[in-house]
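K.L.:
Provided herewith is a single structure, encoded as structure tokens, for subsequent inquiry.
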There are 2 protein chains.
Amino acid sequence: MENEDGNSYSDPTRIAGARLGESVGSKESKKIAVTIRDVAKTSGFSASTVSIVLNNAPLARYIPLITKSRIQKAAKALGYHPNIFAKSLRSKRNHTVGIILFDITDPYCTPILRGIENTLYQASYLPILTDAHNERSRFERYLEMLLERRVEALIILANWLFLDINILGDLEKPELPTVIIGRELQSNSISSVTVDDEGGGYAALAHLYALGHRKIAFVRGPKALSSSKNRWRGVQRFLRDTGLRVDEHLVVDLPDQLSPNMGVDDAYRMTQELLKQRRPFTALMAYDDMTAFGAVRALTKAGIKVPGECSVVGFDDVSPSALFVPSLTTVRQPLEAMGAAAVNIVVDTLNSAAENRKIQAVHRKLSSEVVVRESTRAISKT
Amino acid sequence: MENEDGNSYSDPTRIAGARLGESVGSKESKKIAVTIRDVAKTSGFSASTVSIVLNNAPLARYIPLITKSRIQKAAKALGYHPNIFAKSLRSKRNHTVGIILFDITDPYCTPILRGIENTLYQASYLPILTDAHNERSRFERYLEMLLERRVEALIILANWLFLDINILGDLEKPELPTVIIGRELQSNSISSVTVDDEGGGYAALAHLYALGHRKIAFVRGPKALSSSKNRWRGVQRFLRDTGLRVDEHLVVDLPDQLSPNMGVDDAYRMTQELLKQRRPFTALMAYDDMTAFGAVRALTKAGIKVPGECSVVGFDDVSPSALFVPSLTTVRQPLEAMGAAAVNIVVDTLNSAAENRKIQAVHRKLSSEVVVRESTRAISKT
DNA sequence: GAATTATACAAAAACGTTTCAATAAAACAA
DNA sequence: TTGTTTTATTGAAACGTTTTTGTATAATTC
């Protein structure tokens, strides 16, 4: 069954295990790794003691400083580095967490990844990075690979996720701390970190409203995306709160697409169709920043100045948004903080080292904030 | 010495090794991992045979199919997954490569990372991702961590690298296949993947020239960056080839900065200073796309239309460049291919499993191409 | 002064593999 | 028949740790 294993003999990557000399004191080849026994021999103590001292194990309490320092000196002198494979074999731990994302080329991922990396670094964990390319099969393969590697936790970045509940099924089996960023599953074993999409949608519209806009077009996200639904819910809540009405014809939906980057082109087209209707609007609220980019392009192409004649607001605050001319007003997701939050969840779980710990899911919802930049402007008094 | 080790006792992340039941045939707790010996017992063969069969080792030649299938059946039935720690301990391999990059928030990294990930995937390797945040100390710490983990190779993405030769010193010691992307070291043991910056610089200018531009401003990159020097060398070569002259006053340099993202602001300021001189130019060549974004912003702010009154060309073709309004004409680096090339170099090295292999560095220089978009336009006939 | 308790270390048993060397049967050659 | 090779399988030794248990002393208590 394990024939496809990377270590199989048919795999040419295998390297014949060189291990020259070493046996009877031949000292020519220095390449031999120095083991804990070497340190033991050099320091004059046993391997056990060396281990205890070097790991500062409980028993180290009884070991006099002179012994400790001798051992440490020997270790340093020999350039001893513990073999992590052996260490892991014993401890069943490897201080590694698996990251699965669905499309690294989505700029949405980058700050989250930064947050993950940075927080893991502080906790002395290292991430194994995988990218499912929005393919279910690839996701499953990677999941399998990560489980085989015994990662201690799993962080899934569901930036553009159409795969649904089945993931859950695959994921539940291991007693593995797992957190999913960007979507809340109805699982009670998988944690989640999400942003307050509804509040963000509400705030974005409120911003436009405050600027005096009343005729507002909407390019909503793909129906299948929960974030799209939630943002729209925020919009509706605002509508109820204020009594503002939206023209049904000015609401269009992005098609379900495999890649967030295609969203730009789709948004471009949808906006063009919006314009074709010749129903006036003074502002446009886009599903996300990518959508907004497409919309701005279409508006500009049609000779409509942004923000002069039409304000545009995005969502996410991905990094290009600030660079854009005009820079994009948007709803900022605290992306880096979201990555950090995800890591904190799993690390906390790992630290609460109860034996029979039932992994209790925690769901964190972070709030968003409107970042006002150049792409929105108060409606001109005419 | 190893007191700061993540596995030390003072570290609360340590988990008490649960290992209930198992001893005298108590079958209640199913959580016990199934080992090769379990498969041996169930199938009626020895652990050796199971290992040989499951890994398709040379000796498997002598094992009749009936035995093989029995063992495989047993393995599958038990849900056997080899313990990767034990496996690594024996084989000294873990099919992992370390990636060190210097700033993941640089959009330049993303496609390279995609190329790395994708190519590693095909070779059944997994990347451990680290980000030095442009800090030397962090780089060194991560390097250390990766070496401790016995990654089989190292890929360094030197996108914005001011640290210099000293890295080399740190890097040479291990017999570890190493490739650096974005910079060619004068080492004969560290491979490199670079892009033809000089050719790109040449081509970018040639493009502007072909559009009729003769008064051209330059925002060069930080002096410390080799890519900056090389691109400028391409410019100079073009100047020599055509006899075109550049106004010294229209050449400015970006300051040495820690982060590529700051480059945008710097470029904005430098362009403003350029404009302050009131020396006319009809085109601007930027060090890279980020610089170009800053330049476009400054030009636009000053009321100068891009590309109507001033063409702008960037370098890199990072992903926002296509989204920009106007979309940016730029010199495309084959980023994904560069990532793939880097992986191919190390995987090839790993595969050439010669015992005493001296790691022979290979240096690949990929060519760039001008991508013409909206930000450049033929000079208006006035 | 005997019984306890702290201190200081070490031997040995895991952890779960892979692989070498050995063995035994079967097939083949002379 | 005997001797040699091929086929089929296994025991045991590594790989380099950590941790449990055990054994001495030395220091305390009664």
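Residue numbering restarts at 1 for every chain of the structure tokens, chains are lettered A, B, ... in their displayed order, and ligands are numbered from 1 as they appear.
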For Ser227 of chain A, find every residue with an atom within 10 Å (counting only C-alpha atoms (C1' of nucleotides)), except residues of its own chain fewer than 6 positions away, and show them as a list of chain:residue names.
P.N.:
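Listed by chain and then number, they are A:Asn159, A:Trp160, A:Gly182, A:Arg183, A:Glu184, A:Thr194, A:Val195, A:Asp196, A:Asp197, A:Glu198, A:Gly201, A:Gly221, A:Arg233, A:Tyr287, A:Asp288.
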K.L.:
Those same residues, written as a JSON list (two decimals), in the first residue's frame with N, CA and C atoms?
P.N.:
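Okay, again-v4.json is ready:
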```json
[["chain", "number", "residue", "atom", "x", "y", "z"],
["A", 159, "ASN", "N", -9.83, 31.06, 1.90],
["A", 159, "ASN", "CA", -10.10, 32.36, 1.32],
["A", 159, "ASN", "C", -11.15, 32.33, 0.23],
["A", 160, "TRP", "N", -11.16, 31.25, -0.51],
["A", 160, "TRP", "CA", -12.07, 31.26, -1.67],
["A", 160, "TRP", "C", -12.61, 29.85, -1.81],
["A", 182, "GLY", "N", -11.67, 32.30, 7.90],
["A", 182, "GLY", "CA", -12.48, 32.86, 6.83],
["A", 182, "GLY", "C", -13.84, 32.21, 6.67],
["A", 183, "ARG", "N", -14.10, 31.25, 7.49],
["A", 183, "ARG", "CA", -15.39, 30.59, 7.37],
["A", 183, "ARG", "C", -15.68, 29.85, 8.66],
["A", 184, "GLU", "N", -16.90, 29.91, 9.08],
["A", 184, "GLU", "CA", -17.25, 29.23, 10.31],
["A", 184, "GLU", "C", -18.00, 27.95, 9.99],
["A", 194, "THR", "N", -13.00, 34.37, 11.94],
["A", 194, "THR", "CA", -13.68, 35.05, 10.84],
["A", 194, "THR", "C", -13.69, 36.54, 11.12],
["A", 195, "VAL", "N", -14.16, 37.26, 10.14],
["A", 195, "VAL", "CA", -14.29, 38.69, 10.32],
["A", 195, "VAL", "C", -15.78, 39.01, 10.32],
["A", 196, "ASP", "N", -16.11, 40.09, 10.91],
["A", 196, "ASP", "CA", -17.52, 40.47, 10.98],
["A", 196, "ASP", "C", -17.96, 41.02, 9.62],
["A", 197, "ASP", "N", -18.28, 40.11, 8.74],
["A", 197, "ASP", "CA", -18.67, 40.52, 7.39],
["A", 197, "ASP", "C", -19.93, 41.37, 7.40],
["A", 198, "GLU", "N", -20.86, 40.96, 8.22],
["A", 198, "GLU", "CA", -22.12, 41.69, 8.25],
["A", 198, "GLU", "C", -21.90, 43.12, 8.71],
["A", 201, "GLY", "N", -20.20, 45.04, 5.95],
["A", 201, "GLY", "CA", -21.13, 45.43, 4.88],
["A", 201, "GLY", "C", -21.98, 46.62, 5.31],
["A", 221, "GLY", "N", -20.74, 39.35, -4.23],
["A", 221, "GLY", "CA", -19.85, 38.22, -4.47],
["A", 221, "GLY", "C", -20.62, 37.00, -4.93],
["A", 233, "ARG", "N", -26.11, 40.77, 4.04],
["A", 233, "ARG", "CA", -27.02, 40.87, 5.17],
["A", 233, "ARG", "C", -26.80, 42.19, 5.91],
["A", 287, "TYR", "N", -18.04, 43.66, -3.81],
["A", 287, "TYR", "CA", -17.91, 42.54, -2.88],
["A", 287, "TYR", "C", -16.58, 42.61, -2.13],
["A", 288, "ASP", "N", -15.50, 42.78, -2.89],
["A", 288, "ASP", "CA", -14.20, 42.90, -2.24],
["A", 288, "ASP", "C", -13.32, 43.82, -3.08]]
```
K.L.:
For chain C against chain B, which residues fall within 10 Å using only C-alpha atoms (C1' of nucleotides), given as a count of residues only?
P.N.:
5
K.L.:
Kindly indicate which residue among A:Lys68, A:Arg278, A:His249, A:Arg150 lies nearest to Ala217 of chain A, using only C-alpha atoms for the distances.
P.N.:
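So, comparing all the options, the nearest one is A:His249.
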K.L.:
Return as a count of residues only the residues belonging to chain D that are within 7 Å of chain B, counting only C-alpha atoms (C1' of nucleotides).
P.N.:
4
K.L.:
When you draw a straight line from atom CA of Tyr121 of chain A to atom CA of His133 of chain B, how long is it in Å?
P.N.:
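Pair atom CA of Tyr121 of chain A / atom CA of His133 of chain B returns 11.5 Å.
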K.L.:
Show which residues sit within 10 Å of Val235 of chain A, as JSON, numbers by chain. Count only C-alpha atoms (C1' of nucleotides), and ignore same-chain residues fewer than 6 positions away.
P.N.:
{"A": [198, 199, 200, 201, 202, 203, 204, 205, 206, 218, 229, 241, 246, 285]}
K.L.:
I need the residue nearest chain A from this list: B:Leu328, B:Ile216, B:Leu157, B:Ile180. Use only C-alpha atoms for the distance.
P.N.:
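Of B:Leu328, B:Ile216, B:Leu157, B:Ile180, the one nearest chain A is B:Leu328, counting only C-alpha atoms.
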K.L.:
Quick check, in Å to one decimal: how far apart do atom CA of Glu144 of chain A and atom CA of Leu185 of chain A lie?
P.N.:
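Pair atom CA of Glu144 of chain A / atom CA of Leu185 of chain A returns 20.4 Å.
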K.L.:
Which residues in segment 49-172 of chain A does DSSP call strand (DSSP E)? List them as JSON, numbers by chain.
P.N.:
{"A": [96, 97, 98, 99, 100, 101, 126, 127, 128, 129, 130, 131, 153, 154, 155, 156, 157]}
K.L.:
Which residues are near Pro222 of chain A? Cut-off 12 Å, only C-alpha atoms (C1' of nucleotides), ignore same chain within fewer than 4 positions. Put them as a count of residues only.
P.N.:
27
K.L.:
Residues near Leu147 of chain A, anyone? I mean within 9 Å using only C-alpha atoms (C1' of nucleotides), not counting same-chain ones fewer than 4 positions away, as a PDB file with N, CA and C atoms, in the first residue's frame.
P.N.:
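Output saved as result07.pdb:
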```pdb
ATOM      1  N   GLY A  98       0.677  22.470  10.114  1.00  0.00           N
ATOM      2  CA  GLY A  98       0.396  22.456   8.686  1.00  0.00           C
ATOM      3  C   GLY A  98      -0.524  23.600   8.303  1.00  0.00           C
ATOM      4  N   TYR A 142      -2.881  16.900   0.095  1.00  0.00           N
ATOM      5  CA  TYR A 142      -2.050  17.662   1.029  1.00  0.00           C
ATOM      6  C   TYR A 142      -2.441  17.349   2.474  1.00  0.00           C
ATOM      7  N   LEU A 143      -3.723  17.264   2.695  1.00  0.00           N
ATOM      8  CA  LEU A 143      -4.184  16.943   4.035  1.00  0.00           C
ATOM      9  C   LEU A 143      -3.565  15.630   4.498  1.00  0.00           C
ATOM     10  N   VAL A 151       1.912  16.694  11.716  1.00  0.00           N
ATOM     11  CA  VAL A 151       1.887  18.081  12.155  1.00  0.00           C
ATOM     12  C   VAL A 151       1.042  18.139  13.418  1.00  0.00           C
ATOM     13  N   GLU A 152       1.360  19.082  14.266  1.00  0.00           N
ATOM     14  CA  GLU A 152       0.679  19.114  15.554  1.00  0.00           C
ATOM     15  C   GLU A 152      -0.637  19.871  15.495  1.00  0.00           C
ATOM     16  N   PRO A 174      -8.909  13.205  12.941  1.00  0.00           N
ATOM     17  CA  PRO A 174      -7.776  13.214  13.855  1.00  0.00           C
ATOM     18  C   PRO A 174      -8.063  14.080  15.074  1.00  0.00           C
TER      19      PRO A 174
END
```
K.L.:
Could you give me, as a ChimeraX atom specification, the residues within 6 Å of Phe315 of chain A, counting only C-alpha atoms (C1' of nucleotides) and dropping anything in the same chain fewer than 6 positions from it?
P.N.:
/A:288-289,330-331
K.L.:
When distances are computed from only C-alpha atoms, which of B:Pro326, B:Gly308, B:Gly44, B:Gly243 shows the smallest separation from chain A?
P.N.:
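Of B:Pro326, B:Gly308, B:Gly44, B:Gly243, the one nearest chain A is B:Pro326, counting only C-alpha atoms.
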K.L.:
What's the separation between atom CA of His213 of chain A and atom CA of Leu323 of chain A, in Å to one decimal place?
P.N.:
24.7 Å
K.L.:
Pick from B:Ala283, B:Cys310, B:Val39, B:Leu113: nearest to chain A, with only C-alpha atoms counted?
P.N.:
B:Leu113
